[in-house]
>>> print(open('model30.txt').read())   # compact mmCIF, C-alpha atoms
# COMPACT_ATOMS: atom_id res chain seq x y z
CA MET A 1 135.03 49.80 112.74
CA SER A 2 132.34 47.17 112.03
CA THR A 3 129.87 45.99 114.66
CA VAL A 4 131.61 42.63 114.86
CA LEU A 5 135.08 44.09 115.34
CA ALA A 6 133.81 46.56 117.90
CA LYS A 7 132.23 43.71 119.82
CA ALA A 8 135.45 41.71 119.66
CA ASP A 9 137.39 44.71 120.92
CA ALA A 10 134.97 45.10 123.83
CA LEU A 11 135.25 41.42 124.67
CA GLN A 12 139.05 41.70 124.61
CA SER A 13 138.90 44.43 127.25
CA LYS A 14 136.77 42.21 129.51
CA LYS A 15 139.02 39.18 129.14
CA LYS A 16 141.04 40.02 132.23
CA ASN A 17 138.10 39.23 134.49
CA LYS A 18 137.19 35.91 132.83
CA PRO A 19 138.58 32.41 133.47
CA LEU A 20 140.89 30.98 130.84
CA ARG A 21 139.23 28.43 128.57
CA ASN A 22 141.79 26.44 126.60
CA GLY A 23 140.23 23.01 126.76
CA LYS A 24 140.92 22.70 130.51
CA ILE A 25 139.25 23.87 133.69
CA MET A 26 141.55 26.47 135.15
CA LYS A 27 141.59 29.07 137.92
CA ALA A 28 140.05 32.41 137.18
CA ARG A 29 142.50 35.29 137.23
CA GLY A 30 142.45 36.90 140.64
CA SER A 31 140.72 33.89 142.21
CA LYS A 32 142.28 31.49 144.69
CA LYS A 33 139.65 28.75 144.32
CA PRO A 34 139.47 26.51 141.25
CA LEU A 35 136.33 26.66 139.15
CA GLN A 36 133.71 24.05 140.00
CA ARG A 37 132.74 21.53 137.35
CA LYS A 38 129.20 21.91 136.10
CA ALA A 39 126.89 18.93 135.89
CA LYS A 40 126.86 19.22 132.08
CA VAL A 41 130.48 18.95 130.97
CA ASN A 42 131.44 20.97 127.91
CA TYR A 43 133.09 18.84 125.24
CA ARG A 44 136.20 21.03 125.52
CA THR A 45 136.86 19.51 128.95
CA THR A 46 136.54 15.91 127.76
CA THR A 47 139.48 13.71 126.83
CA GLN A 48 138.42 13.17 123.20
CA LEU A 49 138.07 16.57 121.54
CA ARG A 50 136.23 16.98 118.27
CA SER A 51 139.41 18.19 116.61
CA ASP A 52 141.14 14.98 117.79
CA LYS A 53 138.44 12.88 116.14
CA PHE A 54 138.68 14.89 112.93
CA LEU A 55 142.46 14.56 112.74
CA ALA A 56 142.30 10.85 113.56
CA GLU A 57 139.98 10.32 110.59
CA ILE A 58 142.44 11.80 108.07
CA LYS A 59 145.77 10.77 109.64
CA ASP A 60 146.39 8.01 107.08
CA ALA A 61 145.56 10.15 104.04
CA THR A 62 148.20 11.10 101.49
CA ARG A 63 146.52 14.42 100.68
CA VAL A 64 143.50 16.27 102.04
CA THR A 65 141.28 18.24 99.66
CA PHE A 66 138.81 20.80 100.97
CA ILE A 67 135.60 21.41 99.04
CA SER A 68 132.65 23.71 99.68
CA HIS A 69 129.41 24.89 98.08
CA ILE A 70 129.03 26.48 94.67
CA ASN A 71 130.30 30.09 94.41
CA PRO A 72 132.20 29.86 97.74
CA ASP A 73 131.72 32.75 100.15
CA PRO A 74 134.18 34.16 102.73
CA ASP A 75 133.04 31.77 105.47
CA SER A 76 133.73 28.73 103.30
CA LEU A 77 137.04 30.16 102.07
CA GLY A 78 138.18 31.10 105.58
CA SER A 79 137.16 27.68 106.91
CA MET A 80 139.12 25.85 104.23
CA ILE A 81 142.20 27.99 104.90
CA GLY A 82 141.98 27.40 108.65
CA LEU A 83 141.51 23.65 108.31
CA ALA A 84 144.38 23.38 105.82
CA HIS A 85 146.61 25.16 108.33
CA LEU A 86 145.48 22.76 111.08
CA VAL A 87 146.16 19.67 108.97
CA LYS A 88 149.59 20.89 107.87
CA SER A 89 150.60 21.93 111.39
CA VAL A 90 149.50 18.77 113.21
CA LEU A 91 149.80 16.02 110.59
CA GLY A 92 152.18 17.52 108.05
CA LYS A 93 149.85 16.48 105.22
CA LYS A 94 149.57 17.99 101.76
CA THR A 95 146.38 19.98 101.31
CA ARG A 96 144.40 21.39 98.41
CA LEU A 97 141.78 24.16 98.39
CA THR A 98 139.07 24.22 95.74
CA ARG A 99 136.32 26.40 94.34
CA ASP A 100 133.02 25.16 92.93
CA GLY A 101 132.06 27.69 90.29
CA LEU A 102 133.19 31.30 90.04
CA ILE A 103 134.00 33.88 92.70
CA ASN A 104 132.42 37.05 91.35
CA ARG A 105 131.49 39.34 94.22
CA SER A 106 134.03 42.15 94.46
CA GLU A 107 134.73 41.68 98.18
CA ASN A 108 135.21 37.93 97.73
CA ARG A 109 137.57 38.42 94.78
CA ALA A 110 139.52 40.97 96.82
CA MET A 111 139.82 38.44 99.63
CA VAL A 112 141.24 35.83 97.25
CA ASP A 113 143.59 38.28 95.53
CA LEU A 114 144.88 40.14 98.58
CA LEU A 115 145.49 36.96 100.57
CA GLY A 116 146.98 35.14 97.58
CA LEU A 117 144.67 32.13 97.83
CA GLU A 118 145.30 29.28 95.39
CA LEU A 119 142.00 27.59 94.52
CA THR A 120 141.69 24.65 92.13
CA PRO A 121 138.38 24.42 90.20
CA VAL A 122 136.59 21.39 91.61
CA ASP A 123 135.78 20.06 88.14
CA GLU A 124 139.52 19.86 87.40
CA ILE A 125 140.33 17.77 90.48
CA GLU A 126 141.81 14.32 89.87
CA TRP A 127 141.47 11.91 92.77
CA ASN A 128 144.41 9.61 93.43
CA GLU A 129 144.85 6.72 95.82
CA GLY A 130 145.23 8.04 99.36
CA ASP A 131 143.34 11.28 98.64
CA VAL A 132 140.47 12.23 100.96
CA ALA A 133 137.98 15.08 100.81
CA VAL A 134 136.54 17.28 103.57
CA MET A 135 133.34 19.20 102.86
CA VAL A 136 133.30 22.60 104.55
CA ASP A 137 130.44 25.06 105.13
CA SER A 138 128.02 22.73 103.34
CA GLN A 139 126.55 19.24 103.41
CA PRO A 140 126.08 16.56 100.74
CA LYS A 141 122.80 16.34 98.80
CA THR A 142 121.64 19.86 99.62
CA GLY A 143 121.69 20.96 95.99
CA ARG A 144 124.53 23.39 96.62
CA HIS A 145 127.20 21.60 94.57
CA SER A 146 127.77 21.26 90.86
CA ASN A 147 128.99 17.67 91.14
CA GLU A 148 129.13 15.23 94.06
CA LYS A 149 130.03 12.05 92.19
CA ALA A 150 133.05 9.91 93.11
CA ILE A 151 134.31 12.20 95.89
CA PRO A 152 136.24 10.36 98.65
CA LEU A 153 134.39 12.26 101.39
CA VAL A 154 135.48 11.42 104.94
CA ALA A 155 134.34 14.52 106.88
CA VAL A 156 131.68 17.25 106.87
CA ILE A 157 132.07 20.44 108.92
CA ASP A 158 129.22 22.94 108.69
CA HIS A 159 126.79 25.24 110.50
CA HIS A 160 123.84 25.42 108.09
CA ASP A 161 120.24 24.71 109.09
CA THR A 162 119.36 22.94 105.83
CA PRO A 163 120.04 19.25 106.50
CA GLY A 164 122.02 17.15 104.04
CA ASN A 165 122.61 13.43 103.67
CA VAL A 166 125.59 12.63 105.90
CA ARG A 167 124.84 8.95 106.32
CA GLY A 168 127.97 6.83 106.09
CA ILE A 169 130.41 9.75 106.42
CA PRO A 170 132.96 8.87 109.15
CA PHE A 171 133.24 12.34 110.73
CA VAL A 172 130.38 14.85 110.90
CA ASP A 173 130.38 18.11 112.87
CA VAL A 174 127.32 20.20 112.01
CA ARG A 175 126.81 22.98 114.53
CA LYS A 176 123.53 24.84 113.83
CA SER A 177 124.09 26.85 117.01
CA MET A 178 127.20 28.42 115.49
CA GLY A 179 126.92 31.58 113.42
CA ALA A 180 129.84 30.66 111.14
CA THR A 181 131.78 27.57 110.11
CA CYS A 182 134.97 29.59 110.73
CA SER A 183 134.00 29.57 114.42
CA VAL A 184 134.08 25.77 114.44
CA VAL A 185 137.48 25.78 112.73
CA ALA A 186 138.83 28.37 115.18
CA GLU A 187 137.77 26.06 117.98
CA TYR A 188 139.71 23.18 116.43
CA LEU A 189 142.84 25.34 116.16
CA ARG A 190 142.55 26.46 119.77
CA GLU A 191 142.02 22.91 121.01
CA GLN A 192 145.22 21.84 119.28
CA ASN A 193 147.14 24.93 120.51
CA ILE A 194 147.97 25.98 116.95
CA GLU A 195 149.02 29.57 116.34
CA VAL A 196 147.84 31.20 113.13
CA SER A 197 149.50 33.67 110.77
CA PHE A 198 147.96 37.03 109.93
CA LYS A 199 146.83 35.52 106.59
CA VAL A 200 144.89 32.69 108.22
CA ALA A 201 143.49 34.97 110.95
CA THR A 202 142.42 37.63 108.44
CA ALA A 203 140.69 35.10 106.19
CA MET A 204 138.81 33.51 109.08
CA MET A 205 137.98 36.86 110.67
CA TYR A 206 136.45 38.16 107.45
CA GLY A 207 134.59 34.89 106.97
CA MET A 208 133.06 35.23 110.42
CA GLU A 209 132.33 38.92 109.95
CA THR A 210 130.26 38.31 106.81
CA GLU A 211 128.16 35.72 108.65
CA LEU A 212 127.76 37.46 112.00
CA MET A 213 127.63 41.18 111.39
CA GLY A 214 124.28 42.93 111.50
CA PHE A 215 120.82 41.48 111.27
CA PRO A 216 119.62 38.70 111.06
CA ARG A 217 122.54 36.48 112.15
CA GLN A 218 123.50 36.52 115.82
CA ALA A 219 126.73 35.35 117.39
CA SER A 220 126.73 32.58 119.99
CA THR A 221 129.16 32.50 122.90
CA ALA A 222 131.41 30.19 120.90
CA ASP A 223 131.41 32.65 117.99
CA GLU A 224 132.38 35.48 120.31
CA GLU A 225 135.23 33.43 121.77
CA ALA A 226 136.52 32.74 118.27
CA LEU A 227 136.31 36.45 117.38
CA LEU A 228 138.16 37.34 120.54
CA TRP A 229 140.94 34.89 119.70
CA LEU A 230 141.31 35.97 116.05
CA PHE A 231 140.91 39.73 116.39
CA PRO A 232 144.45 40.54 117.67
CA LYS A 233 146.03 38.30 115.01
CA ALA A 234 144.18 39.62 111.94
CA ASP A 235 145.51 42.35 109.63
CA LYS A 236 143.04 45.22 110.14
CA ASP A 237 144.22 47.13 107.07
CA LEU A 238 143.68 44.10 104.85
CA LEU A 239 140.24 43.59 106.37
CA ALA A 240 139.33 47.18 105.58
CA GLU A 241 140.60 46.82 102.00
CA ILE A 242 138.55 43.66 101.46
CA ARG A 243 135.40 45.22 102.93
CA ASN A 244 135.71 48.26 100.70
CA ALA A 245 136.56 46.52 97.42
CA ARG A 246 136.01 48.62 94.31
CA LEU A 247 132.77 47.98 92.40
CA PRO A 248 132.26 47.88 88.61
CA GLN A 249 129.64 50.00 86.86
CA SER A 250 127.60 46.86 86.14
CA HIS A 251 127.01 46.49 89.88
CA PHE A 252 125.17 49.81 90.11
CA GLU A 253 123.25 49.13 86.90
CA GLY A 254 122.09 45.84 88.40
CA VAL A 255 120.98 47.49 91.64
CA VAL A 256 118.96 50.13 89.75
CA HIS A 257 117.33 47.41 87.63
CA ALA A 258 116.48 45.42 90.77
CA LEU A 259 114.82 48.39 92.48
CA GLN A 260 112.83 49.28 89.38
CA SER A 261 111.66 45.68 89.06
CA SER A 262 110.64 45.09 92.67
CA PHE A 263 107.02 44.17 93.43
CA ILE A 264 105.26 43.95 96.81
CA TYR A 265 102.81 41.14 97.61
CA ASP A 266 101.46 41.79 101.09
CA ARG A 267 104.51 41.17 103.34
CA LEU A 268 106.68 39.75 100.53
CA ILE A 269 108.80 41.73 98.06
CA ILE A 270 110.12 40.07 94.90
CA SER A 271 112.82 41.65 92.77
CA TRP A 272 113.73 40.60 89.25
CA VAL A 273 117.03 41.30 87.50
CA HIS A 274 117.00 40.11 83.90
CA ASP A 275 120.78 39.90 83.51
CA LEU A 276 122.78 39.60 86.72
CA PRO A 277 126.32 40.96 86.21
CA GLN A 278 127.40 38.36 88.80
CA PRO A 279 125.32 35.80 90.76
CA GLU A 280 126.14 37.25 94.20
CA LEU A 281 124.28 40.46 93.34
CA ALA A 282 121.00 38.67 94.08
CA ALA A 283 122.09 38.27 97.71
CA GLU A 284 123.16 41.91 97.93
CA VAL A 285 119.76 43.01 96.61
CA VAL A 286 117.77 41.04 99.22
CA ASP A 287 120.10 42.16 102.01
CA PHE A 288 119.04 45.68 101.07
CA LEU A 289 115.34 45.02 100.43
CA ILE A 290 114.70 43.10 103.67
CA ARG A 291 115.23 46.39 105.51
CA PHE A 292 112.02 47.72 103.93
CA GLU A 293 109.73 48.29 106.90
CA GLU A 294 106.58 46.92 105.25
CA VAL A 295 107.82 43.41 104.40
CA ASP A 296 108.94 40.28 106.26
CA TRP A 297 110.34 38.44 103.23
CA ALA A 298 112.54 39.52 100.32
CA VAL A 299 113.35 37.40 97.27
CA CYS A 300 115.52 38.27 94.28
CA ALA A 301 115.73 36.27 91.07
CA GLY A 302 117.88 36.94 88.05
CA LEU A 303 119.58 35.32 85.09
CA PHE A 304 123.28 34.58 85.10
CA GLU A 305 124.41 32.77 81.99
CA ASN A 306 121.84 29.96 81.66
CA LYS A 307 120.82 29.78 85.33
CA LEU A 308 118.07 31.48 87.29
CA ILE A 309 119.78 32.58 90.51
CA LEU A 310 117.64 32.91 93.63
CA SER A 311 118.27 34.57 96.98
CA ALA A 312 115.88 35.03 99.92
CA ARG A 313 115.85 36.79 103.28
CA ALA A 314 113.39 36.76 106.18
CA SER A 315 113.19 39.28 109.02
CA GLY A 316 111.56 37.08 111.66
CA ALA A 317 112.96 34.31 113.83
CA ASN A 318 112.21 30.66 113.05
CA ALA A 319 111.44 31.54 109.44
CA LYS A 320 113.21 28.41 108.12
CA ALA A 321 114.06 30.25 104.91
CA GLY A 322 116.34 27.48 103.64
CA GLU A 323 113.64 24.84 103.98
CA LEU A 324 110.98 27.12 102.49
CA LEU A 325 113.02 28.01 99.41
CA LYS A 326 113.99 24.37 98.92
CA LYS A 327 110.29 23.45 98.97
CA VAL A 328 109.37 26.29 96.60
CA VAL A 329 112.06 25.38 94.07
CA GLY A 330 111.35 21.67 94.33
CA ARG A 331 112.49 19.67 91.32
CA MET A 332 112.98 22.82 89.27
CA GLY A 333 116.48 23.21 90.70
CA ARG A 334 118.37 23.32 93.99
CA ALA A 335 118.08 25.51 97.09
CA GLY A 336 118.98 25.65 100.77
CA GLY A 337 120.33 27.90 103.49
CA HIS A 338 119.81 29.17 107.01
CA ASP A 339 116.84 30.08 109.17
CA ARG A 340 116.57 33.60 107.72
CA ARG A 341 118.81 33.41 104.65
CA ALA A 342 118.63 31.13 101.65
CA GLY A 343 119.80 30.76 98.07
CA GLY A 344 119.31 28.53 95.09
CA ALA A 345 119.57 28.11 91.32
CA ILE A 346 117.53 26.68 88.47
CA GLN A 347 119.22 25.40 85.33
CA MET A 348 117.23 26.82 82.42
CA LYS A 349 116.81 24.72 79.28
CA SER A 350 115.95 27.94 77.46
CA ILE A 351 116.47 31.57 78.40
CA SER A 352 113.87 32.88 75.97
CA PHE A 353 111.49 35.53 77.29
CA ASN A 354 108.57 33.07 77.49
CA ALA A 355 110.60 30.35 79.24
CA VAL A 356 111.88 32.74 81.89
CA GLU A 357 108.42 34.29 82.40
CA GLN A 358 106.90 30.85 82.92
CA ALA A 359 109.58 29.90 85.47
CA MET A 360 109.13 33.18 87.34
CA ALA A 361 105.34 32.85 87.35
CA LYS A 362 105.60 29.33 88.81
CA LEU A 363 108.04 30.46 91.50
CA ARG A 364 105.92 33.48 92.38
CA LYS A 365 102.81 31.31 92.74
CA ARG A 366 104.64 28.79 94.92
CA LEU A 367 106.11 31.55 97.10
CA LEU A 368 102.72 33.12 97.73
CA LYS A 369 101.27 29.72 98.59
CA ALA A 370 104.15 28.81 100.92
CA LEU A 371 103.80 32.13 102.76
CA HIS A 372 100.00 31.89 102.88
CA ILE A 373 99.55 35.06 100.82
CA ASP A 374 96.49 35.30 98.59
CA GLU A 375 97.05 35.58 94.84
CA CYS A 376 97.25 39.26 94.04
CA ARG A 377 98.74 41.74 91.63
CA GLY A 378 102.10 43.00 92.81
CA GLN A 379 102.50 46.66 93.68
CA ARG A 380 105.67 48.31 92.42
CA LEU A 381 108.17 49.44 95.03
CA ILE A 382 108.89 52.43 92.78
CA SER A 383 105.98 53.53 90.60
CA ARG A 384 106.33 53.87 86.83
CA LYS A 385 105.42 57.55 87.15
CA GLU A 386 108.33 58.17 89.52
CA MET A 387 110.70 56.24 87.27
CA LEU A 388 109.65 58.27 84.23
CA GLU A 389 109.94 61.53 86.13
CA ASN A 390 113.45 60.60 87.25
CA LEU A 391 114.45 59.78 83.68
CA GLN A 392 113.11 63.10 82.42
CA SER A 393 114.70 65.21 85.12
>>> encode(input="model30.txt", output="structure tokens")
Amino acid sequence: MSTVLAKADALQSKKKNKPLRNGKIMKARGSKKPLQRKAKVNYRTTTQLRSDKFLAEIKDATRVTFISHINPDPDSLGSMIGLAHLVKSVLGKKTRLTRDGLINRSENRAMVDLLGLELTPVDEIEWNEGDVAVMVDSQPKTGRHSNEKAIPLVAVIDHHDTPGNVRGIPFVDVRKSMGATCSVVAEYLREQNIEVSFKVATAMMYGMETELMGFPRQASTADEEALLWLFPKADKDLLAEIRNARLPQSHFEGVVHALQSSFIYDRLIISWVHDLPQPELAAEVVDFLIRFEEVDWAVCAGLFENKLILSARASGANAKAGELLKKVVGRMGRAGGHDRRAGGAIQMKSISFNAVEQAMAKLRKRLLKALHIDECRGQRLISRKEMLENLQS
């Protein structure tokens, strides 16, 4: 059982001794006296709930379309599914889920296939009168979308640290204190007393798990409450099947290439994969490399089609990885993310050896400068001698 599920199970066992929290102040089980109101009232106890405001904003729409960032991850997929269920249940509106770019990572594809998710490519969307769009797990103008033109955006629901331009958008709920956007959506569903099917619960549970499990992300109290609510409803067998999705040979070839092409610069390690079998591999590589005890930062860059895909991880708190990578990339491309996790992409005009080398050299120089590391020659994580010996053995 994963750390997240184990924690949810433990919280479930403690629930008997906690007061109920369903948007109202209630008596604690086994207590005769009502709970006292605190000076700072939680928004759940106020008359106008955030979910009420969100639903009020889209109540006149003919159809609601949910969009997210490029190469949507489980948190964005789970959030879209949960919000679509909320809108259908409360307002009876037609909904549409989208994907911006491909879904390549094996676990993410398994999630889509096993749960039977229908996703319309965002570049094939036609907007009609009465259509509205809700951006989930992302914000406008963060460089994480392939196209933001002419989208009838009325709401943004997110948890990322990297700020976007939300000026003029009627409804905005950006919760940086939350570990996952699925946690925000779970809160909306609970506020509206909406029950969820195993499909919705499993999708949201896996979305939260990918954001909250392990280091560096940590769950807030609100995240834990959402986990506790979803855990009994989710299909544990499906979760296990998604987590343990089968991997193609190209995945292991990419990992070997990444390790052989990893260089250490003081407390930074940079890995280069010439041809990424799928863009999400860059994130998997840095998730692995950041565990190296001698570094505080891990960055992976690699080519996928005609784009240079970037992923970064930091081990320390208040690293502001999203802001740092956005600054490093600058006008070369787009980037953003969380405090200790970030990603980005650079559209390459040419993928010739010289063009890629020049782009990598510029990024490496900017990274060293941003992290206050003196220019130096990188030291291989695995020496050439060891690589040659392994090949000969």
>>> residues_around(input="model30.txt", residues="Asp123 of chain A", least_positions_apart="5", cutoff="12 Å", atoms="all atoms listed in the file", output="list of chain:residue names")
A:Ile67, A:Ile70, A:Thr98, A:Arg99, A:Asp100, A:Gly101, A:Leu102, A:His145, A:Ser146, A:Asn147, A:Glu148, A:Lys149, A:Ala150, A:Ile151
>>> closest_atom_pairs(input="model30.txt", of="segment 278-323 of chain A", to="segment 329-352 of chain A", cutoff="7 Å", atoms="all atoms listed in the file", output="tab-separated table")
residue	atom	partner	partner_atom	distance
A:Asn306	CA	A:Met348	CA	5.6
A:Lys307	CA	A:Gln347	CA	4.7
A:Leu308	CA	A:Ile346	CA	5.0
A:Ile309	CA	A:Ala345	CA	4.5
A:Leu310	CA	A:Gly344	CA	4.9
A:Ser311	CA	A:Gly343	CA	4.2
A:Ala312	CA	A:Ala342	CA	5.1
A:Arg313	CA	A:Arg341	CA	4.7
A:Ala314	CA	A:Arg340	CA	4.7
A:Ser315	CA	A:Arg340	CA	6.7
A:Asn318	CA	A:Asp339	CA	6.1
A:Ala319	CA	A:Asp339	CA	5.6
A:Lys320	CA	A:Asp339	CA	4.1
A:Ala321	CA	A:Arg340	CA	5.0
A:Gly322	CA	A:Gly337	CA	4.0
A:Glu323	CA	A:Gly336	CA	6.3
>>> axis_aligned_box(input="model30.txt", around="segment 145-152 of chain A", padding_each_side="8 Å", output="lines of an AutoDock Vina configuration file")
center_x = 131.7
center_y = 15.8
center_z = 94.8
size_x = 25.0
size_y = 27.7
size_z = 23.8
>>> atom_distance(input="model30.txt", atom1="atom CA of Gln358 of chain A", atom2="atom CA of Glu305 of chain A")
17.6 Å
>>> closest_residue(input="model30.txt", among="A:Asp131, A:Glu241, A:Glu126, A:Glu209", to="Arg63 of chain A", atoms="all atoms listed in the file")
A:Asp131
>>> atom_distance(input="model30.txt", atom1="atom CA of Pro74 of chain A", atom2="atom CA of Lys233 of chain A")
17.6 Å
>>> residues_around(input="model30.txt", residues="Leu367 of chain A", least_positions_apart="2", cutoff="10 Å", atoms="only C-alpha atoms", output="PyMOL selection string")
chain A and resi 268+270+299+324-325+327-329+361-365+369-373
>>> residues_around(input="model30.txt", residues="Asn128 of chain A", least_positions_apart="4", cutoff="10 Å", atoms="only C-alpha atoms", output="list in words")
Thr62, Arg63, Val132 and Pro152 of chain A
>>> atom_distance(input="model30.txt", atom1="atom CA of Glu211 of chain A", atom2="atom CA of Val184 of chain A")
12.9 Å
>>> residues_around(input="model30.txt", residues="Glu195 of chain A", least_positions_apart="5", cutoff="10 Å", atoms="all atoms listed in the file", output="ChimeraX atom specification")
/A:85-86,89,189-190,200-201,233
>>> closest_residue(input="model30.txt", among="A:Gly78, A:Gly378, A:Pro140, A:Pro279", to="Asn165 of chain A", atoms="all atoms listed in the file")
A:Pro140
>>> residues_around(input="model30.txt", residues="Asp137 of chain A", least_positions_apart="2", cutoff="6 Å", atoms="only C-alpha atoms", output="ChimeraX atom specification")
/A:76,158,181
>>> closest_residue(input="model30.txt", among="A:Ser250, A:Gln48, A:Thr95, A:Thr202", to="Ala133 of chain A", atoms="all atoms listed in the file")
A:Thr95
>>> closest_residue(input="model30.txt", among="A:Leu114, A:Leu97, A:Val174, A:Leu77", to="Arg50 of chain A", atoms="only C-alpha atoms")
A:Val174
>>> closest_residue(input="model30.txt", among="A:Ala282, A:Leu276, A:Ile382, A:Val122", to="Gln260 of chain A", atoms="only C-alpha atoms")
A:Ile382
>>> decode(input="model30.txt", residues="segment 361-378 of chain A", atoms="N, CA and C atoms", output="tab-separated table (two decimals), in the first residue's frame")
chain	number	residue	atom	x	y	z
A	361	ALA	N	23.89	24.64	-23.91
A	361	ALA	CA	24.96	25.44	-23.31
A	361	ALA	C	24.40	26.71	-22.68
A	362	LYS	N	23.43	27.34	-23.37
A	362	LYS	CA	22.82	28.56	-22.84
A	362	LYS	C	22.02	28.25	-21.57
A	363	LEU	N	21.27	27.17	-21.59
A	363	LEU	CA	20.49	26.78	-20.41
A	363	LEU	C	21.39	26.43	-19.24
A	364	ARG	N	22.46	25.69	-19.52
A	364	ARG	CA	23.39	25.30	-18.46
A	364	ARG	C	24.02	26.55	-17.82
A	365	LYS	N	24.43	27.49	-18.64
A	365	LYS	CA	25.04	28.72	-18.12
A	365	LYS	C	24.06	29.51	-17.26
A	366	ARG	N	22.80	29.60	-17.74
A	366	ARG	CA	21.78	30.33	-16.97
A	366	ARG	C	21.44	29.62	-15.67
A	367	LEU	N	21.40	28.29	-15.69
A	367	LEU	CA	21.13	27.53	-14.46
A	367	LEU	C	22.20	27.76	-13.42
A	368	LEU	N	23.45	27.68	-13.84
A	368	LEU	CA	24.56	27.89	-12.90
A	368	LEU	C	24.50	29.29	-12.31
A	369	LYS	N	24.19	30.27	-13.14
A	369	LYS	CA	24.11	31.65	-12.66
A	369	LYS	C	22.94	31.82	-11.69
A	370	ALA	N	21.79	31.25	-12.02
A	370	ALA	CA	20.60	31.38	-11.17
A	370	ALA	C	20.81	30.72	-9.81
A	371	LEU	N	21.61	29.65	-9.78
A	371	LEU	CA	21.86	28.92	-8.53
A	371	LEU	C	23.16	29.36	-7.86
A	372	HIS	N	23.77	30.41	-8.39
A	372	HIS	CA	25.00	30.97	-7.83
A	372	HIS	C	26.12	29.93	-7.74
A	373	ILE	N	26.25	29.17	-8.83
A	373	ILE	CA	27.31	28.16	-8.93
A	373	ILE	C	28.33	28.65	-9.94
A	374	ASP	N	29.59	28.65	-9.57
A	374	ASP	CA	30.64	29.11	-10.47
A	374	ASP	C	30.72	28.22	-11.71
A	375	GLU	N	31.07	28.84	-12.84
A	375	GLU	CA	31.27	28.08	-14.07
A	375	GLU	C	32.33	27.00	-13.84
A	376	CYS	N	31.99	25.79	-14.18
A	376	CYS	CA	32.92	24.68	-13.96
A	376	CYS	C	32.62	23.55	-14.94
A	377	ARG	N	33.54	22.66	-15.05
A	377	ARG	CA	33.35	21.49	-15.91
A	377	ARG	C	32.56	20.44	-15.13
A	378	GLY	N	31.52	19.93	-15.74
A	378	GLY	CA	30.70	18.95	-15.04
A	378	GLY	C	31.41	17.62	-14.83
